[in-house]
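Below: one structure, written as structure tokens.
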Amino acid sequence: MQSIKHGLIMQLRRNHLALILTSLLVSLPVAAARPSVSQVSPDQAICLVPAKPGGGMDLTCKLAQTTSADHQMQINYLPGGVGAIAWTTIISQRKAEANTLVAYSGGSLLNLAEGKFGKSEASNVRWVAAIGTDYGMIAVRKDSPYKNLRELMDAIKSKPSQIAIGAGGTVGSQDWLKMAQIGKQVGIDSKTMRLVAFEGGGESFTALLADHVQAVSGDASEASLHARDGKIRVLAVLSDARLPGPLSNVPTAREQGFDVTWPIIRGVYMGPQVSETDYQKWVTHFQQAMNTPAFEEQRKIHGLFPFAMTGKELTDYINKAVSNYRLQAKEFGMVR
């Protein structure tokens with residue numbers, strides 16, 4: 001009986017202590033845990049990369065980071081579902097965060113058009129800025145037997161199971177759709193292509209260099225980083241004309257007989273319940289930053305090309321782009 005009595009007394013003491021601690025925690029000001037959103041500045045912001053490090057989304061956040069003083073903008077990574085995890089998190093759990101930006105690309109818009117972000121629409125987020133454009137490209141290792149795009153596509157047509165193609169995303173992703181469109185012009189059934197899906201271009205190039213895949217369908221900005229090391233051979237860029245910079249000697253797909261171009265817009269969006277005041281602060285921030293020579297230089301360093309659009313103009317552009325992507329995806333039966 002004595003031990004039972006002692007146990008009850010100890011339990012009561014523990015409960016009393018828990019109540020005291022709870023009371024203290026509740027009394028703490030919420031502002032101590034997180035800065036007031038009205039005081040948020042670009043130097044306190046987070047740019048969320050919806051992929052693993054090393055790809056085009058990462059480059060987008062790093063370019064956005066250069067617009068803040070001393071590059072203090074924090075970069076966090078939230079891969080999963082080729083952007084779907086980050087998208088869902090922002091529209092459901094972090095919808096009003098005035099200090100959180102999320103990188104997007106044309107691939108994000110394509111996934112949205114195909115229904116890979118669930119029942120979401122472009123209007124579910126606030127589109128802040130487009131800070132540059134990129135272009136699709138096809139690359140192989142430097143020691144690959146394929147010297148041009150025609151040779152690679154002929155090989156895929158004759159032995160599709162023997163050539164693995166690294167892509168940032170699954171079947172239906174922009175990297176897959178680029179190859180499907182090119183392949184269609186030489187009679188390749190897109191269903192026979194051996195695609196290996198990765199969470200972003202960084203992983204695709206890692207797999208290529210390790211010889212786990214024989215080709216990569218990716219972006220020119222990503223390829224530019226690896227081309228400087230001389231370890232890859234870019235077979236084609238999917239642009240209207242040859243690109244300046246490290247890939248200036250690479251022919252376009254059109255030059256090699258494939259009428260395919262693939263521009264890739266890159267920028268940042270915010271949650272749907274961010275206040276109009278905070279949203280406009282970011283719109284103005286990027287408008288001003290993108291008009292400076294310093295930003296233009298940083299865009300070149302990050303392998304992107306001029307494209308600047310913000311606010312309502314960008315939102316209208318995004319809505320049209322999603323509609324166009326939906327039409328392209330329907331051609332290959334990719335719309336859910």
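Residue numbering restarts at 1 for every chain of the structure tokens, chains are lettered A, B, ... in their displayed order, and ligands are numbered from 1 as they appear.
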
### Query
If we count only C-alpha atoms, what is near region 324-334 of chain A at a cut-off of 10 Å, once residues fewer than 3 positions away on the same chain are taken out, given as a PyMOL selection string?
chain A and resi 106-107+109-116+171-174+177+180-181+190-191+318-321

### Task
For Gln280 (chain A), please output as an MDAnalysis selection string all residues within 10 Å (counting only C-alpha atoms; exclusion window: fewer than 5 positions along the same chain).
chainID A and resid 128 274:275 285:286 310:311

Now that the selection is made, can you save its residues with C-alpha atoms as a compact mmCIF listing (two decimals), in the first residue's frame?
```
# COMPACT_ATOMS: atom_id res chain seq x y z
CA VAL A 128 6.32 35.94 -58.70
CA VAL A 274 0.59 35.29 -49.20
CA SER A 275 -0.79 38.80 -48.75
CA HIS A 285 12.24 43.15 -55.73
CA PHE A 286 12.78 40.97 -58.79
CA THR A 310 6.81 39.29 -63.17
CA GLY A 311 3.41 39.63 -61.55
```

### Task
Would you please extract all helix (DSSP H, G or I) residues from region 157-291 of chain A, as assigned by DSSP on the backbone, and give them as a PyMOL selection string?
chain A and resi 157-158+160-162+174-184+190-192+201-209+220-227+245-247+254-256+276-289

### Message
If we count only C-alpha atoms and set the cut-off at 12 Å, which residues sit around Asn291 (chain A), ignoring sequence neighbours fewer than 5 positions away in its own chain? Please answer as a list of chain:residue names.
### Response
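Selected residues are A:Thr67, A:Ile131, A:Thr284, A:His285, A:Phe286, A:Glu296, A:Glu297, A:Arg299, A:Pro306, A:Phe307, A:Ala308, A:Met309.
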
### Query
Using only C-alpha atoms, which residue out of A:Arg266, A:Lys52, A:His226, A:Lys312 lies closest to Pro246 (chain A)?
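Of all the options, A:His226 lies closest to Pro246 (chain A).
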
### Query
Which of these residues is nearest to Gly136 (chain A), using only C-alpha atoms: A:Ile75, A:Leu238, A:Ala207, A:Ala227?
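Selected residue with least distance to Gly136 (chain A): A:Leu238.
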
### Query
Hey, which of A:Val283, A:Ala86, A:Ala96, A:Ala130 ends up closest to Thr60 (chain A)? Count only C-alpha atoms.
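The answer is A:Ala130, which sits nearest to Thr60 (chain A).
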